[in-house]
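A.B. asks: Quick one: structure below, then a few questions.
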Amino acid sequence: KLFVNKVNYYQSGHIIGIVRDKNGFIEYVRDGVQYADIKLNVVINGVHNNIIGEVQFLLKVMKEFKNKAHNLYAIQRIEEAVQESAKVLPILLSDKIRLFTAGIEGNVSELTKLMVINNLTAKDLMITEAKSGQNILHRMCSKDGFKALTFIKSVVPTKELVECITLPNSKDRSPIEYAARFCAISCLRLIFSIKEIRD
């Protein structure tokens with residue numbers, strides 16, 4: 001009551017009003033022993049704008065309980081993070097998945113890392129996925145990955161690049177067809193700048 005009266009009579013500094021209150025001790029009495037506090041959402045007077053904040057009143061025993069519960073919550077979050085990492089780790093360790101993801105995203109930096117750190121060769125970059133019959137060029141051309149395609153053109157020998165650009169996938173579509181189908185104009189210009197493709 002004392003705090004509420006101070007706010008009502010503008011004796012609480014920058015706190016100028018209470019917009020909502022919640023008494024958790026009502027549930028404590030009704031439902032039995034559990035964590036309980038009193039929360040007040042207050043209006044705080046600012047220089048240009050007012051903001052809403054929260055003030056909590058709790059017993060010392062409840063604060064100690066809250067601290068312990070928070071530590072348990074933190075442990076639970078760490079456990080969840082480890083479990084999620086176990087799902088993601090195989091993806092991060094698979095060069096093939098990283099390669100095709102970089103192809104979809106047109107991520108030149110990731111392609112470079114795969115070559116430098118993971119020792120992938122130009123030939124490794126052009127692997128074909130068995131099920132779909134696609135290589136990374138299919139994906140680059142469907143997303144207009146011009147920068148990535150420029151990078152691939154600079155590291156893959158022309159003969160091999162031409163073979164891969166004209167390679168049909170399991171749906172009988174080549175990267176050139178994907179570029180045309182998805183209006184990847186920049187990729188099409190780059191592809192047709194290759195003399196062997198024009199011939």
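Labels used: A, B, ... for chains in the order of the structure tokens, numbers from 1 for residues in each chain, and numbers from 1 for ligands as shown.
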Can you list, as a list in words, every protein, DNA or RNA residue that comes within 12 Å of Lys195 in chain A when you count only C-alpha atoms, leaving out same-chain residues fewer than 2 positions away?
C.D. replies: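 Within the cut-off, the hits are Thr158, Lys159, Leu161, Val162, Arg189, Leu190, Ile191, Phe192, Ser193, Ile197, Arg198 and Asp199 of chain A.
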A.B. asks: For the residues in that selection, give me N, CA and C atoms as a JSON list (two decimals), in the first residue's frame.
C.D. replies:
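out_2.json, freshly written:
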```json
[["chain", "number", "residue", "atom", "x", "y", "z"],
["A", 158, "THR", "N", 37.27, -24.78, -68.05],
["A", 158, "THR", "CA", 36.16, -24.50, -68.97],
["A", 158, "THR", "C", 35.47, -25.75, -69.48],
["A", 159, "LYS", "N", 36.23, -26.75, -69.87],
["A", 159, "LYS", "CA", 35.63, -27.98, -70.42],
["A", 159, "LYS", "C", 34.69, -28.63, -69.40],
["A", 161, "LEU", "N", 33.37, -27.16, -66.77],
["A", 161, "LEU", "CA", 32.28, -26.22, -66.48],
["A", 161, "LEU", "C", 31.17, -26.33, -67.52],
["A", 162, "VAL", "N", 31.54, -26.41, -68.79],
["A", 162, "VAL", "CA", 30.56, -26.54, -69.87],
["A", 162, "VAL", "C", 29.76, -27.83, -69.72],
["A", 189, "ARG", "N", 23.73, -14.28, -68.89],
["A", 189, "ARG", "CA", 24.77, -13.48, -69.57],
["A", 189, "ARG", "C", 26.14, -14.11, -69.36],
["A", 190, "LEU", "N", 26.41, -14.50, -68.11],
["A", 190, "LEU", "CA", 27.71, -15.09, -67.80],
["A", 190, "LEU", "C", 27.89, -16.42, -68.53],
["A", 191, "ILE", "N", 26.84, -17.24, -68.54],
["A", 191, "ILE", "CA", 26.92, -18.54, -69.21],
["A", 191, "ILE", "C", 27.18, -18.36, -70.69],
["A", 192, "PHE", "N", 26.45, -17.44, -71.33],
["A", 192, "PHE", "CA", 26.62, -17.24, -72.77],
["A", 192, "PHE", "C", 27.85, -16.41, -73.12],
["A", 193, "SER", "N", 28.58, -15.93, -72.10],
["A", 193, "SER", "CA", 29.86, -15.28, -72.39],
["A", 193, "SER", "C", 30.94, -16.34, -72.62],
["A", 197, "ILE", "N", 29.98, -22.51, -74.95],
["A", 197, "ILE", "CA", 28.52, -22.61, -74.80],
["A", 197, "ILE", "C", 27.84, -22.03, -76.04],
["A", 198, "ARG", "N", 28.34, -20.89, -76.50],
["A", 198, "ARG", "CA", 27.73, -20.26, -77.69],
["A", 198, "ARG", "C", 27.91, -21.12, -78.93],
["A", 199, "ASP", "N", 29.02, -21.83, -79.00],
["A", 199, "ASP", "CA", 29.29, -22.67, -80.18],
["A", 199, "ASP", "C", 28.48, -23.92, -80.07]]
```
A.B. asks: What's the 12 Å shell around Glu110 in chain A, counting only C-alpha atoms, without same-chain residues fewer than 2 positions away, as a PyMOL selection string?
C.D. replies: chain A and resi 92+95+97-108+112-118+120+125+148+151
A.B. asks: Since we have the selection now, will you write its residues out, keeping N, CA and C atoms, as a PDB file, in the first residue's frame?
C.D. replies:
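What landed in result-v2.pdb:
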```pdb
ATOM      1  N   LEU A  92      26.769 -29.505 -40.227  1.00  0.00           N
ATOM      2  CA  LEU A  92      27.938 -28.622 -40.288  1.00  0.00           C
ATOM      3  C   LEU A  92      29.203 -29.374 -40.676  1.00  0.00           C
ATOM      4  N   ASP A  95      30.661 -31.855 -45.807  1.00  0.00           N
ATOM      5  CA  ASP A  95      31.102 -30.962 -46.883  1.00  0.00           C
ATOM      6  C   ASP A  95      30.058 -30.886 -47.995  1.00  0.00           C
ATOM      7  N   ILE A  97      26.738 -31.249 -47.850  1.00  0.00           N
ATOM      8  CA  ILE A  97      25.590 -30.410 -47.473  1.00  0.00           C
ATOM      9  C   ILE A  97      25.992 -28.951 -47.480  1.00  0.00           C
ATOM     10  N   ARG A  98      27.171 -28.649 -46.935  1.00  0.00           N
ATOM     11  CA  ARG A  98      27.648 -27.257 -46.927  1.00  0.00           C
ATOM     12  C   ARG A  98      27.834 -26.741 -48.350  1.00  0.00           C
ATOM     13  N   LEU A  99      28.324 -27.600 -49.238  1.00  0.00           N
ATOM     14  CA  LEU A  99      28.541 -27.215 -50.628  1.00  0.00           C
ATOM     15  C   LEU A  99      27.218 -26.857 -51.306  1.00  0.00           C
ATOM     16  N   PHE A 100      26.224 -27.735 -51.182  1.00  0.00           N
ATOM     17  CA  PHE A 100      24.940 -27.484 -51.838  1.00  0.00           C
ATOM     18  C   PHE A 100      24.203 -26.304 -51.198  1.00  0.00           C
ATOM     19  N   THR A 101      24.365 -26.117 -49.898  1.00  0.00           N
ATOM     20  CA  THR A 101      23.770 -24.955 -49.230  1.00  0.00           C
ATOM     21  C   THR A 101      24.421 -23.675 -49.744  1.00  0.00           C
ATOM     22  N   ALA A 102      25.733 -23.688 -49.877  1.00  0.00           N
ATOM     23  CA  ALA A 102      26.440 -22.518 -50.424  1.00  0.00           C
ATOM     24  C   ALA A 102      25.989 -22.245 -51.850  1.00  0.00           C
ATOM     25  N   GLY A 103      25.733 -23.311 -52.615  1.00  0.00           N
ATOM     26  CA  GLY A 103      25.243 -23.144 -53.983  1.00  0.00           C
ATOM     27  C   GLY A 103      23.885 -22.486 -54.022  1.00  0.00           C
ATOM     28  N   ILE A 104      22.978 -22.922 -53.148  1.00  0.00           N
ATOM     29  CA  ILE A 104      21.638 -22.341 -53.091  1.00  0.00           C
ATOM     30  C   ILE A 104      21.707 -20.876 -52.697  1.00  0.00           C
ATOM     31  N   GLU A 105      22.538 -20.577 -51.704  1.00  0.00           N
ATOM     32  CA  GLU A 105      22.637 -19.210 -51.197  1.00  0.00           C
ATOM     33  C   GLU A 105      23.552 -18.329 -52.043  1.00  0.00           C
ATOM     34  N   GLY A 106      24.301 -18.935 -52.949  1.00  0.00           N
ATOM     35  CA  GLY A 106      25.262 -18.163 -53.741  1.00  0.00           C
ATOM     36  C   GLY A 106      26.365 -17.598 -52.858  1.00  0.00           C
ATOM     37  N   ASN A 107      26.773 -18.362 -51.869  1.00  0.00           N
ATOM     38  CA  ASN A 107      27.700 -17.904 -50.845  1.00  0.00           C
ATOM     39  C   ASN A 107      29.159 -18.181 -51.256  1.00  0.00           C
ATOM     40  N   VAL A 108      29.782 -17.185 -51.864  1.00  0.00           N
ATOM     41  CA  VAL A 108      31.163 -17.313 -52.348  1.00  0.00           C
ATOM     42  C   VAL A 108      32.123 -17.546 -51.179  1.00  0.00           C
ATOM     43  N   THR A 112      34.690 -20.666 -50.864  1.00  0.00           N
ATOM     44  CA  THR A 112      36.126 -20.450 -50.677  1.00  0.00           C
ATOM     45  C   THR A 112      36.634 -21.211 -49.452  1.00  0.00           C
ATOM     46  N   LYS A 113      35.891 -21.139 -48.345  1.00  0.00           N
ATOM     47  CA  LYS A 113      36.277 -21.872 -47.138  1.00  0.00           C
ATOM     48  C   LYS A 113      36.356 -23.371 -47.413  1.00  0.00           C
ATOM     49  N   LEU A 114      35.381 -23.884 -48.141  1.00  0.00           N
ATOM     50  CA  LEU A 114      35.380 -25.318 -48.450  1.00  0.00           C
ATOM     51  C   LEU A 114      36.625 -25.708 -49.243  1.00  0.00           C
ATOM     52  N   MET A 115      37.056 -24.819 -50.132  1.00  0.00           N
ATOM     53  CA  MET A 115      38.250 -25.125 -50.935  1.00  0.00           C
ATOM     54  C   MET A 115      39.526 -24.980 -50.105  1.00  0.00           C
ATOM     55  N   VAL A 116      39.599 -23.931 -49.310  1.00  0.00           N
ATOM     56  CA  VAL A 116      40.836 -23.653 -48.578  1.00  0.00           C
ATOM     57  C   VAL A 116      40.962 -24.527 -47.331  1.00  0.00           C
ATOM     58  N   ILE A 117      39.936 -24.534 -46.505  1.00  0.00           N
ATOM     59  CA  ILE A 117      40.025 -25.241 -45.223  1.00  0.00           C
ATOM     60  C   ILE A 117      39.752 -26.736 -45.374  1.00  0.00           C
ATOM     61  N   ASN A 118      38.788 -27.091 -46.217  1.00  0.00           N
ATOM     62  CA  ASN A 118      38.401 -28.499 -46.348  1.00  0.00           C
ATOM     63  C   ASN A 118      39.049 -29.179 -47.558  1.00  0.00           C
ATOM     64  N   LEU A 120      38.638 -28.936 -50.745  1.00  0.00           N
ATOM     65  CA  LEU A 120      37.838 -29.355 -51.900  1.00  0.00           C
ATOM     66  C   LEU A 120      38.491 -28.811 -53.157  1.00  0.00           C
ATOM     67  N   LEU A 125      33.813 -29.465 -56.298  1.00  0.00           N
ATOM     68  CA  LEU A 125      32.720 -28.486 -56.319  1.00  0.00           C
ATOM     69  C   LEU A 125      31.617 -28.884 -57.297  1.00  0.00           C
ATOM     70  N   ALA A 148      28.461 -16.194 -57.167  1.00  0.00           N
ATOM     71  CA  ALA A 148      28.948 -17.563 -56.946  1.00  0.00           C
ATOM     72  C   ALA A 148      29.276 -18.233 -58.272  1.00  0.00           C
ATOM     73  N   PHE A 151      32.527 -16.983 -59.478  1.00  0.00           N
ATOM     74  CA  PHE A 151      33.605 -17.647 -58.736  1.00  0.00           C
ATOM     75  C   PHE A 151      33.857 -19.046 -59.303  1.00  0.00           C
TER      76      PHE A 151
END
```
A.B. asks: Under the rule that only C-alpha atoms are counted, which of A:Gly24, A:Gly32, A:Gly46, A:Gly13 is the nearest residue to Leu59 in chain A?
C.D. replies: A:Gly24
A.B. asks: Which polymer residues have any atom within 12 Å of an atom of Ser170 in chain A, counting only C-alpha atoms, with same-chain residues fewer than 5 positions away left out, as a list in words?
C.D. replies: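 So, after excluding close chain neighbours, the residues are Thr128, Glu129, Ala130, Lys131, Ser132, Gly133, Gln134, Asn135 and His138 of chain A.
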A.B. asks: Please indicate the distance in Å from CA of Pro175 in chain A to CA of Phe146 in chain A, rounded to one decimal place.
C.D. replies: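 Going from CA of Pro175 in chain A over to CA of Phe146 in chain A covers 12.6 Å.
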A.B. asks: Looking only at the backbone, which of the residues in range 49-110 of chain A does DSSP tag as helix (DSSP H, G or I), as a PyMOL selection string?
C.D. replies: chain A and resi 60-93+95-105+108-110
A.B. asks: Given only C-alpha atoms as the basis, pick out the residue of A:Ile176, A:Val4, A:Ile16, A:Leu72 nearest to Leu40 in chain A.
C.D. replies: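 With only C-alpha atoms as the atom set, the closest residue is A:Val4.
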